[in-house]
>>> print(open('final-v5.cif').read())   # mmCIF, N, CA and C atoms
data_my_file
#
loop_
_atom_site.label_atom_id
_atom_site.label_comp_id
_atom_site.auth_asym_id
_atom_site.auth_seq_id
_atom_site.Cartn_x
_atom_site.Cartn_y
_atom_site.Cartn_z
N MET A 1 14.93 -6.08 -13.26
CA MET A 1 13.75 -6.92 -13.36
C MET A 1 13.82 -7.66 -14.70
N PRO A 2 13.69 -8.97 -14.66
CA PRO A 2 13.70 -9.73 -15.92
C PRO A 2 12.61 -9.22 -16.87
N GLY A 3 12.95 -9.08 -18.11
CA GLY A 3 12.00 -8.63 -19.12
C GLY A 3 11.92 -7.12 -19.28
N PHE A 4 12.64 -6.38 -18.45
CA PHE A 4 12.57 -4.92 -18.53
C PHE A 4 13.06 -4.42 -19.89
N ASP A 5 14.04 -5.10 -20.46
CA ASP A 5 14.58 -4.67 -21.75
C ASP A 5 13.56 -4.80 -22.88
N ARG A 6 12.50 -5.59 -22.69
CA ARG A 6 11.45 -5.76 -23.70
C ARG A 6 10.15 -5.07 -23.30
N SER A 7 10.16 -4.41 -22.17
CA SER A 7 8.94 -3.79 -21.64
C SER A 7 8.80 -2.35 -22.11
N PRO A 8 7.57 -1.91 -22.33
CA PRO A 8 7.38 -0.48 -22.64
C PRO A 8 7.79 0.43 -21.47
N LEU A 9 7.95 -0.16 -20.28
CA LEU A 9 8.39 0.63 -19.13
C LEU A 9 9.77 1.23 -19.35
N ARG A 10 10.59 0.57 -20.15
CA ARG A 10 11.97 1.03 -20.34
C ARG A 10 12.01 2.39 -21.03
N GLN A 11 10.95 2.77 -21.71
CA GLN A 11 10.91 4.05 -22.43
C GLN A 11 10.41 5.19 -21.55
N ALA A 12 9.96 4.89 -20.37
CA ALA A 12 9.42 5.92 -19.49
C ALA A 12 10.54 6.81 -18.94
N LYS A 13 10.27 8.10 -18.86
CA LYS A 13 11.24 9.02 -18.26
C LYS A 13 11.33 8.82 -16.76
N ALA A 14 10.20 8.45 -16.15
CA ALA A 14 10.16 8.18 -14.71
C ALA A 14 9.18 7.04 -14.47
N LEU A 15 9.57 6.11 -13.62
CA LEU A 15 8.69 5.01 -13.27
C LEU A 15 7.94 5.33 -12.00
N ASP A 16 6.64 5.11 -12.03
CA ASP A 16 5.83 5.25 -10.82
C ASP A 16 4.75 4.18 -10.86
N TYR A 17 4.01 4.07 -9.76
CA TYR A 17 3.02 3.00 -9.69
C TYR A 17 1.84 3.23 -10.62
N THR A 18 1.54 4.45 -10.98
CA THR A 18 0.48 4.69 -11.96
C THR A 18 0.85 4.00 -13.28
N LEU A 19 2.09 4.17 -13.68
CA LEU A 19 2.57 3.55 -14.91
C LEU A 19 2.65 2.03 -14.78
N ILE A 20 3.15 1.57 -13.63
CA ILE A 20 3.24 0.11 -13.41
C ILE A 20 1.86 -0.54 -13.52
N PHE A 21 0.87 0.02 -12.82
CA PHE A 21 -0.47 -0.57 -12.85
C PHE A 21 -1.12 -0.46 -14.23
N LYS A 22 -0.86 0.63 -14.93
CA LYS A 22 -1.41 0.79 -16.28
C LYS A 22 -0.86 -0.29 -17.21
N HIS A 23 0.46 -0.48 -17.21
CA HIS A 23 1.06 -1.47 -18.10
C HIS A 23 0.76 -2.90 -17.63
N ALA A 24 0.62 -3.10 -16.34
CA ALA A 24 0.24 -4.43 -15.85
C ALA A 24 -1.16 -4.79 -16.34
N ALA A 25 -2.08 -3.83 -16.30
CA ALA A 25 -3.44 -4.08 -16.78
C ALA A 25 -3.45 -4.39 -18.27
N ALA A 26 -2.48 -3.84 -19.00
CA ALA A 26 -2.38 -4.10 -20.44
C ALA A 26 -1.66 -5.42 -20.74
N GLY A 27 -1.14 -6.07 -19.68
CA GLY A 27 -0.55 -7.39 -19.86
C GLY A 27 0.97 -7.42 -20.00
N ASP A 28 1.66 -6.31 -19.77
CA ASP A 28 3.12 -6.30 -19.85
C ASP A 28 3.69 -7.20 -18.75
N PRO A 29 4.41 -8.27 -19.10
CA PRO A 29 4.90 -9.21 -18.09
C PRO A 29 5.81 -8.56 -17.04
N CYS A 30 6.63 -7.61 -17.44
CA CYS A 30 7.51 -6.95 -16.47
C CYS A 30 6.69 -6.15 -15.47
N ALA A 31 5.73 -5.38 -15.96
CA ALA A 31 4.87 -4.58 -15.08
C ALA A 31 4.04 -5.48 -14.18
N VAL A 32 3.55 -6.60 -14.71
CA VAL A 32 2.80 -7.55 -13.90
C VAL A 32 3.67 -8.08 -12.77
N ALA A 33 4.93 -8.40 -13.06
CA ALA A 33 5.84 -8.92 -12.04
C ALA A 33 6.11 -7.88 -10.96
N VAL A 34 6.32 -6.61 -11.35
CA VAL A 34 6.55 -5.55 -10.37
C VAL A 34 5.29 -5.33 -9.53
N ARG A 35 4.14 -5.27 -10.19
CA ARG A 35 2.87 -5.08 -9.47
C ARG A 35 2.64 -6.21 -8.48
N ASP A 36 2.78 -7.45 -8.93
CA ASP A 36 2.50 -8.59 -8.07
C ASP A 36 3.49 -8.66 -6.90
N HIS A 37 4.74 -8.34 -7.14
CA HIS A 37 5.72 -8.33 -6.05
C HIS A 37 5.37 -7.24 -5.04
N SER A 38 5.00 -6.07 -5.54
CA SER A 38 4.63 -4.97 -4.64
C SER A 38 3.40 -5.33 -3.82
N LEU A 39 2.41 -5.95 -4.43
CA LEU A 39 1.22 -6.38 -3.69
C LEU A 39 1.58 -7.38 -2.61
N LEU A 40 2.49 -8.29 -2.91
CA LEU A 40 2.93 -9.26 -1.91
C LEU A 40 3.64 -8.57 -0.74
N VAL A 41 4.51 -7.62 -1.04
CA VAL A 41 5.23 -6.90 0.01
C VAL A 41 4.26 -6.10 0.87
N TRP A 42 3.35 -5.35 0.24
CA TRP A 42 2.39 -4.55 1.02
C TRP A 42 1.49 -5.45 1.86
N SER A 43 1.10 -6.59 1.31
CA SER A 43 0.24 -7.52 2.04
C SER A 43 0.96 -8.14 3.22
N ALA A 44 2.21 -8.56 3.02
CA ALA A 44 3.00 -9.12 4.11
C ALA A 44 3.24 -8.08 5.19
N LEU A 45 3.47 -6.84 4.80
CA LEU A 45 3.63 -5.76 5.77
C LEU A 45 2.36 -5.60 6.60
N ALA A 46 1.21 -5.64 5.95
CA ALA A 46 -0.06 -5.50 6.68
C ALA A 46 -0.21 -6.63 7.70
N VAL A 47 0.11 -7.86 7.32
CA VAL A 47 0.01 -8.98 8.25
C VAL A 47 0.98 -8.79 9.41
N ASN A 48 2.20 -8.37 9.13
CA ASN A 48 3.16 -8.12 10.21
C ASN A 48 2.67 -7.04 11.17
N LEU A 49 2.11 -5.97 10.63
CA LEU A 49 1.58 -4.90 11.50
C LEU A 49 0.40 -5.42 12.33
N ILE A 50 -0.43 -6.24 11.73
CA ILE A 50 -1.57 -6.82 12.46
C ILE A 50 -1.08 -7.70 13.60
N HIS A 51 -0.10 -8.53 13.33
CA HIS A 51 0.43 -9.41 14.39
C HIS A 51 1.16 -8.61 15.46
N ALA A 52 1.79 -7.51 15.10
CA ALA A 52 2.54 -6.72 16.07
C ALA A 52 1.63 -5.83 16.92
N TYR A 53 0.58 -5.25 16.31
CA TYR A 53 -0.20 -4.23 17.01
C TYR A 53 -1.67 -4.58 17.23
N ASP A 54 -2.17 -5.64 16.62
CA ASP A 54 -3.55 -6.09 16.79
C ASP A 54 -4.58 -4.98 16.54
N PRO A 55 -4.49 -4.30 15.39
CA PRO A 55 -5.45 -3.22 15.11
C PRO A 55 -6.80 -3.76 14.63
N GLU A 56 -7.80 -2.92 14.70
CA GLU A 56 -9.10 -3.27 14.14
C GLU A 56 -9.13 -2.98 12.65
N LYS A 57 -8.29 -2.02 12.20
CA LYS A 57 -8.23 -1.70 10.78
C LYS A 57 -6.82 -1.27 10.41
N VAL A 58 -6.49 -1.49 9.15
CA VAL A 58 -5.23 -1.02 8.56
C VAL A 58 -5.63 -0.07 7.44
N ILE A 59 -5.05 1.13 7.47
CA ILE A 59 -5.40 2.17 6.52
C ILE A 59 -4.27 2.34 5.51
N PHE A 60 -4.61 2.21 4.23
CA PHE A 60 -3.66 2.44 3.15
C PHE A 60 -3.94 3.81 2.54
N GLY A 61 -2.88 4.59 2.32
CA GLY A 61 -3.06 5.91 1.74
C GLY A 61 -1.93 6.25 0.80
N GLY A 62 -1.99 7.45 0.29
CA GLY A 62 -0.96 7.94 -0.61
C GLY A 62 -1.31 7.72 -2.06
N GLY A 63 -0.35 8.04 -2.90
CA GLY A 63 -0.55 7.98 -4.34
C GLY A 63 -0.92 6.62 -4.88
N ILE A 64 -0.48 5.56 -4.20
CA ILE A 64 -0.81 4.22 -4.70
C ILE A 64 -2.30 3.94 -4.67
N MET A 65 -3.04 4.71 -3.89
CA MET A 65 -4.48 4.47 -3.81
C MET A 65 -5.21 4.87 -5.09
N ALA A 66 -4.48 5.42 -6.06
CA ALA A 66 -5.07 5.62 -7.39
C ALA A 66 -5.41 4.26 -7.99
N SER A 67 -4.75 3.21 -7.50
CA SER A 67 -5.02 1.84 -7.95
C SER A 67 -5.67 1.02 -6.84
N ALA A 68 -6.45 1.66 -6.01
CA ALA A 68 -7.09 0.99 -4.87
C ALA A 68 -7.94 -0.21 -5.31
N ASP A 69 -8.54 -0.14 -6.49
CA ASP A 69 -9.38 -1.25 -6.96
C ASP A 69 -8.57 -2.52 -7.18
N SER A 70 -7.29 -2.39 -7.41
CA SER A 70 -6.41 -3.56 -7.54
C SER A 70 -5.73 -3.90 -6.23
N ILE A 71 -5.33 -2.88 -5.49
CA ILE A 71 -4.52 -3.09 -4.29
C ILE A 71 -5.34 -3.64 -3.13
N LEU A 72 -6.44 -2.99 -2.80
CA LEU A 72 -7.18 -3.37 -1.60
C LEU A 72 -7.73 -4.80 -1.64
N PRO A 73 -8.32 -5.26 -2.75
CA PRO A 73 -8.77 -6.66 -2.76
C PRO A 73 -7.63 -7.65 -2.58
N ALA A 74 -6.49 -7.38 -3.18
CA ALA A 74 -5.34 -8.29 -3.04
C ALA A 74 -4.85 -8.33 -1.59
N VAL A 75 -4.74 -7.16 -0.96
CA VAL A 75 -4.28 -7.10 0.43
C VAL A 75 -5.31 -7.75 1.35
N ARG A 76 -6.58 -7.48 1.12
CA ARG A 76 -7.64 -8.08 1.96
C ARG A 76 -7.59 -9.60 1.88
N ASP A 77 -7.43 -10.12 0.68
CA ASP A 77 -7.39 -11.58 0.51
C ASP A 77 -6.18 -12.17 1.24
N TYR A 78 -5.02 -11.55 1.08
CA TYR A 78 -3.81 -12.04 1.74
C TYR A 78 -3.96 -12.00 3.26
N VAL A 79 -4.48 -10.89 3.76
CA VAL A 79 -4.69 -10.74 5.21
C VAL A 79 -5.68 -11.80 5.71
N ARG A 80 -6.75 -12.00 4.96
CA ARG A 80 -7.74 -13.01 5.35
C ARG A 80 -7.10 -14.40 5.47
N ARG A 81 -6.18 -14.71 4.55
CA ARG A 81 -5.55 -16.03 4.54
C ARG A 81 -4.40 -16.17 5.54
N HIS A 82 -3.73 -15.07 5.91
CA HIS A 82 -2.50 -15.19 6.68
C HIS A 82 -2.51 -14.56 8.08
N ALA A 83 -3.40 -13.64 8.34
CA ALA A 83 -3.40 -12.98 9.65
C ALA A 83 -4.14 -13.85 10.67
N HIS A 84 -3.59 -13.91 11.86
CA HIS A 84 -4.20 -14.67 12.94
C HIS A 84 -4.83 -13.69 13.93
N THR A 85 -6.14 -13.55 13.83
CA THR A 85 -6.88 -12.65 14.71
C THR A 85 -8.10 -13.41 15.22
N PRO A 86 -7.97 -14.08 16.37
CA PRO A 86 -9.07 -14.90 16.87
C PRO A 86 -10.35 -14.11 17.17
N TRP A 87 -10.23 -12.81 17.37
CA TRP A 87 -11.39 -11.99 17.70
C TRP A 87 -12.23 -11.63 16.48
N GLY A 88 -11.67 -11.78 15.25
CA GLY A 88 -12.41 -11.42 14.03
C GLY A 88 -11.48 -10.95 12.93
N SER A 89 -12.04 -10.23 11.96
CA SER A 89 -11.28 -9.79 10.79
C SER A 89 -10.86 -8.33 10.91
N VAL A 90 -9.64 -8.07 10.50
CA VAL A 90 -9.14 -6.70 10.42
C VAL A 90 -9.66 -6.07 9.14
N ARG A 91 -10.14 -4.85 9.25
CA ARG A 91 -10.62 -4.13 8.07
C ARG A 91 -9.43 -3.47 7.37
N ILE A 92 -9.36 -3.63 6.06
CA ILE A 92 -8.34 -2.99 5.23
C ILE A 92 -9.08 -1.91 4.44
N VAL A 93 -8.75 -0.64 4.70
CA VAL A 93 -9.51 0.46 4.14
C VAL A 93 -8.58 1.52 3.52
N PRO A 94 -9.11 2.29 2.57
CA PRO A 94 -8.33 3.40 2.02
C PRO A 94 -8.41 4.61 2.95
N SER A 95 -7.38 5.41 2.93
CA SER A 95 -7.36 6.63 3.72
C SER A 95 -8.43 7.60 3.20
N GLU A 96 -9.08 8.28 4.10
CA GLU A 96 -10.04 9.30 3.70
C GLU A 96 -9.35 10.62 3.43
N LEU A 97 -8.07 10.73 3.81
CA LEU A 97 -7.33 11.99 3.65
C LEU A 97 -6.55 12.05 2.34
N GLY A 98 -6.46 10.96 1.62
CA GLY A 98 -5.73 10.96 0.35
C GLY A 98 -4.27 11.31 0.55
N ASP A 99 -3.76 12.15 -0.33
CA ASP A 99 -2.35 12.51 -0.31
C ASP A 99 -1.99 13.53 0.76
N ILE A 100 -2.97 14.07 1.49
CA ILE A 100 -2.63 15.08 2.50
C ILE A 100 -2.42 14.49 3.90
N ALA A 101 -2.48 13.18 4.03
CA ALA A 101 -2.35 12.55 5.34
C ALA A 101 -1.06 12.95 6.04
N ALA A 102 0.04 13.00 5.31
CA ALA A 102 1.32 13.37 5.93
C ALA A 102 1.28 14.80 6.43
N LEU A 103 0.60 15.69 5.73
CA LEU A 103 0.50 17.08 6.17
C LEU A 103 -0.33 17.18 7.45
N VAL A 104 -1.39 16.41 7.53
CA VAL A 104 -2.22 16.43 8.73
C VAL A 104 -1.41 15.92 9.93
N ALA A 105 -0.67 14.85 9.74
CA ALA A 105 0.17 14.32 10.82
C ALA A 105 1.25 15.32 11.20
N SER A 106 1.83 16.00 10.23
CA SER A 106 2.85 17.00 10.52
C SER A 106 2.28 18.14 11.34
N GLU A 107 1.09 18.57 11.00
CA GLU A 107 0.45 19.64 11.76
C GLU A 107 0.26 19.22 13.22
N TRP A 108 -0.20 18.00 13.43
CA TRP A 108 -0.40 17.50 14.78
C TRP A 108 0.92 17.47 15.55
N LEU A 109 1.98 16.97 14.91
CA LEU A 109 3.28 16.90 15.56
C LEU A 109 3.80 18.28 15.93
N LEU A 110 3.66 19.23 15.03
CA LEU A 110 4.12 20.59 15.31
C LEU A 110 3.35 21.22 16.47
N GLU A 111 2.04 21.06 16.45
CA GLU A 111 1.23 21.61 17.55
C GLU A 111 1.63 20.99 18.87
N ASP A 112 1.84 19.68 18.87
CA ASP A 112 2.23 18.98 20.09
C ASP A 112 3.58 19.49 20.59
N GLN A 113 4.51 19.68 19.70
CA GLN A 113 5.85 20.13 20.10
C GLN A 113 5.82 21.55 20.63
N PHE A 114 5.04 22.45 20.03
CA PHE A 114 5.00 23.84 20.48
C PHE A 114 4.22 23.99 21.78
N GLN A 115 3.28 23.11 22.05
CA GLN A 115 2.55 23.17 23.30
C GLN A 115 3.43 22.79 24.48
N ASN A 116 4.48 22.00 24.22
CA ASN A 116 5.36 21.55 25.29
C ASN A 116 6.52 22.50 25.53
N LEU A 117 6.56 23.64 24.84
CA LEU A 117 7.65 24.60 25.06
C LEU A 117 7.43 25.45 26.29
#
>>> encode(input="final-v5.cif", output="structure tokens")
Amino acid sequence: MPGFDRSPLRQAKALDYTLIFKHAAAGDPCAVAVRDHSLLVWSALAVNLIHAYDPEKVIFGGGIMASADSILPAVRDYVRRHAHTPWGSVRIVPSELGDIAALVASEWLLEDQFQNL
């Protein structure tokens, strides 16, 4: 990433989105570029999923939702401008399950598989 050699991110032992959003909020150009690119990718993914599956809502979850105040408005705005849904607007919402969503899905899959034995 251009500017990484001058960014405080280079001193981090591990890079994660908590750090990216923290440094982006402080104005680090490298972190801003990573954050903005990630928001664009997540937003484009949401539009693609909307066009492919025509859902009423798209649910975002996981650790990135620690920055939901930055992520959700950006995704909502992009979806509003780019998604074609003649019936109305798709809701972009945070997961109510937080970081345990994968565990809940795993439990369902396991129960389903054992019931079919």
>>> atom_distance(input="final-v5.cif", atom1="atom C of Ser7 (chain A)", atom2="atom N of Asp36 (chain A)")
15.4 Å
>>> closest_residue(input="final-v5.cif", among="A:Val41, A:Val32, A:Ser106, A:Pro94", to="Ala68 (chain A)", atoms="only N, CA and C atoms")
A:Pro94
>>> atom_distance(input="final-v5.cif", atom1="CA of Ile20 (chain A)", atom2="CA of Pro8 (chain A)")
10.1 Å
>>> atom_distance(input="final-v5.cif", atom1="CA of Cys30 (chain A)", atom2="CA of Gly3 (chain A)")
5.5 Å
>>> select_by_dssp(input="final-v5.cif", residues="region 22-107 of chain A", states="strand (DSSP E or B)", output="PDB file with N, CA and C atoms, keeping the file's coordinate frame")
ATOM      1  N   LYS A  57      -8.290  -2.020  12.200  1.00  0.00           N
ATOM      2  CA  LYS A  57      -8.230  -1.700  10.780  1.00  0.00           C
ATOM      3  C   LYS A  57      -6.820  -1.270  10.410  1.00  0.00           C
ATOM      4  N   VAL A  58      -6.490  -1.490   9.150  1.00  0.00           N
ATOM      5  CA  VAL A  58      -5.230  -1.020   8.560  1.00  0.00           C
ATOM      6  C   VAL A  58      -5.630  -0.070   7.440  1.00  0.00           C
ATOM      7  N   ILE A  59      -5.050   1.130   7.470  1.00  0.00           N
ATOM      8  CA  ILE A  59      -5.400   2.170   6.520  1.00  0.00           C
ATOM      9  C   ILE A  59      -4.270   2.340   5.510  1.00  0.00           C
ATOM     10  N   PHE A  60      -4.610   2.210   4.230  1.00  0.00           N
ATOM     11  CA  PHE A  60      -3.660   2.440   3.150  1.00  0.00           C
ATOM     12  C   PHE A  60      -3.940   3.810   2.540  1.00  0.00           C
ATOM     13  N   ARG A  91     -10.140  -4.850   9.250  1.00  0.00           N
ATOM     14  CA  ARG A  91     -10.620  -4.130   8.070  1.00  0.00           C
ATOM     15  C   ARG A  91      -9.430  -3.470   7.370  1.00  0.00           C
ATOM     16  N   ILE A  92      -9.360  -3.630   6.060  1.00  0.00           N
ATOM     17  CA  ILE A  92      -8.340  -2.990   5.230  1.00  0.00           C
ATOM     18  C   ILE A  92      -9.080  -1.910   4.440  1.00  0.00           C
ATOM     19  N   VAL A  93      -8.750  -0.640   4.700  1.00  0.00           N
ATOM     20  CA  VAL A  93      -9.510   0.460   4.140  1.00  0.00           C
ATOM     21  C   VAL A  93      -8.580   1.520   3.520  1.00  0.00           C
ATOM     22  N   PRO A  94      -9.110   2.290   2.570  1.00  0.00           N
ATOM     23  CA  PRO A  94      -8.330   3.400   2.020  1.00  0.00           C
ATOM     24  C   PRO A  94      -8.410   4.610   2.950  1.00  0.00           C
TER      25      PRO A  94
END
>>> resolve_selection(input="final-v5.cif", expression="the PyMOL selection byres ((chain A and resi 90) around 6.5)", output="PyMOL selection string")
chain A and resi 55-58+88-89+91-92
>>> write_last_selection(input="final-v5.cif", atoms="N, CA and C atoms", output="compact mmCIF listing (two decimals), keeping the file's coordinate frame")
# COMPACT_ATOMS: atom_id res chain seq x y z
N PRO A 55 -4.49 -4.30 15.39
CA PRO A 55 -5.45 -3.22 15.11
C PRO A 55 -6.80 -3.76 14.63
N GLU A 56 -7.80 -2.92 14.70
CA GLU A 56 -9.10 -3.27 14.14
C GLU A 56 -9.13 -2.98 12.65
N LYS A 57 -8.29 -2.02 12.20
CA LYS A 57 -8.23 -1.70 10.78
C LYS A 57 -6.82 -1.27 10.41
N VAL A 58 -6.49 -1.49 9.15
CA VAL A 58 -5.23 -1.02 8.56
C VAL A 58 -5.63 -0.07 7.44
N GLY A 88 -11.67 -11.78 15.25
CA GLY A 88 -12.41 -11.42 14.03
C GLY A 88 -11.48 -10.95 12.93
N SER A 89 -12.04 -10.23 11.96
CA SER A 89 -11.28 -9.79 10.79
C SER A 89 -10.86 -8.33 10.91
N ARG A 91 -10.14 -4.85 9.25
CA ARG A 91 -10.62 -4.13 8.07
C ARG A 91 -9.43 -3.47 7.37
N ILE A 92 -9.36 -3.63 6.06
CA ILE A 92 -8.34 -2.99 5.23
C ILE A 92 -9.08 -1.91 4.44
>>> closest_residue(input="final-v5.cif", among="A:Ala46, A:Val34, A:Ile64, A:Ile59", to="Thr18 (chain A)", atoms="only N, CA and C atoms")
A:Ile64
>>> select_by_dssp(input="final-v5.cif", residues="chain A", states="helix (DSSP H, G or I)", output="VMD selection string")
chain A and resid 4 to 6 8 to 11 17 to 25 29 to 53 63 to 82 98 to 115
>>> closest_residue(input="final-v5.cif", among="A:Phe21, A:Ile50, A:Asp112, A:Met65", to="His84 (chain A)", atoms="all atoms listed in the file")
A:Ile50
>>> closest_residue(input="final-v5.cif", among="A:Phe114, A:Tyr17, A:Trp42, A:Trp87", to="Pro73 (chain A)", atoms="only C-alpha atoms")
A:Trp42
>>> closest_residue(input="final-v5.cif", among="A:Leu110, A:Val47, A:Ala31, A:Leu97", to="His82 (chain A)", atoms="all atoms listed in the file")
A:Val47
>>> build_atoms(input="final-v5.cif", residues="region 29-38 of chain A", atoms="all heavy atoms", output="compact mmCIF listing (two decimals), in the coordinates of the input")
# COMPACT_ATOMS: atom_id res chain seq x y z
N PRO A 29 4.41 -8.27 -19.10
CA PRO A 29 4.90 -9.21 -18.09
C PRO A 29 5.81 -8.56 -17.04
O PRO A 29 5.75 -8.94 -15.86
CB PRO A 29 5.67 -10.26 -18.90
CG PRO A 29 5.14 -10.15 -20.29
CD PRO A 29 4.73 -8.72 -20.46
N CYS A 30 6.63 -7.61 -17.44
CA CYS A 30 7.51 -6.95 -16.47
C CYS A 30 6.69 -6.15 -15.47
O CYS A 30 6.91 -6.22 -14.26
CB CYS A 30 8.50 -6.05 -17.21
SG CYS A 30 9.66 -5.19 -16.12
N ALA A 31 5.73 -5.38 -15.96
CA ALA A 31 4.87 -4.58 -15.08
C ALA A 31 4.04 -5.48 -14.18
O ALA A 31 3.83 -5.17 -13.00
CB ALA A 31 3.97 -3.66 -15.90
N VAL A 32 3.55 -6.60 -14.71
CA VAL A 32 2.80 -7.55 -13.90
C VAL A 32 3.67 -8.08 -12.77
O VAL A 32 3.23 -8.18 -11.62
CB VAL A 32 2.25 -8.72 -14.77
CG1 VAL A 32 1.73 -9.85 -13.90
CG2 VAL A 32 1.17 -8.21 -15.71
N ALA A 33 4.93 -8.40 -13.06
CA ALA A 33 5.84 -8.92 -12.04
C ALA A 33 6.11 -7.88 -10.96
O ALA A 33 6.09 -8.20 -9.76
CB ALA A 33 7.16 -9.37 -12.67
N VAL A 34 6.32 -6.61 -11.35
CA VAL A 34 6.55 -5.55 -10.37
C VAL A 34 5.29 -5.33 -9.53
O VAL A 34 5.36 -5.23 -8.30
CB VAL A 34 6.98 -4.23 -11.06
CG1 VAL A 34 7.03 -3.08 -10.07
CG2 VAL A 34 8.33 -4.40 -11.74
N ARG A 35 4.14 -5.27 -10.19
CA ARG A 35 2.87 -5.08 -9.47
C ARG A 35 2.64 -6.21 -8.48
O ARG A 35 2.35 -5.97 -7.29
CB ARG A 35 1.71 -5.01 -10.45
CG ARG A 35 0.35 -4.81 -9.76
CD ARG A 35 -0.81 -5.26 -10.60
NE ARG A 35 -0.71 -6.68 -10.91
CZ ARG A 35 -1.37 -7.26 -11.90
NH1 ARG A 35 -2.16 -6.57 -12.69
NH2 ARG A 35 -1.24 -8.56 -12.11
N ASP A 36 2.78 -7.45 -8.93
CA ASP A 36 2.50 -8.59 -8.07
C ASP A 36 3.49 -8.66 -6.90
O ASP A 36 3.09 -8.99 -5.78
CB ASP A 36 2.53 -9.89 -8.87
CG ASP A 36 1.35 -10.01 -9.83
OD1 ASP A 36 0.43 -9.16 -9.76
OD2 ASP A 36 1.35 -10.94 -10.65
N HIS A 37 4.74 -8.34 -7.14
CA HIS A 37 5.72 -8.33 -6.05
C HIS A 37 5.37 -7.24 -5.04
O HIS A 37 5.43 -7.46 -3.83
CB HIS A 37 7.14 -8.13 -6.59
CG HIS A 37 8.17 -8.10 -5.52
ND1 HIS A 37 8.60 -9.24 -4.87
CD2 HIS A 37 8.83 -7.06 -4.94
CE1 HIS A 37 9.49 -8.91 -3.95
NE2 HIS A 37 9.65 -7.60 -3.98
N SER A 38 5.00 -6.07 -5.54
CA SER A 38 4.63 -4.97 -4.64
C SER A 38 3.40 -5.33 -3.82
O SER A 38 3.36 -5.06 -2.61
CB SER A 38 4.36 -3.70 -5.46
OG SER A 38 5.53 -3.30 -6.14
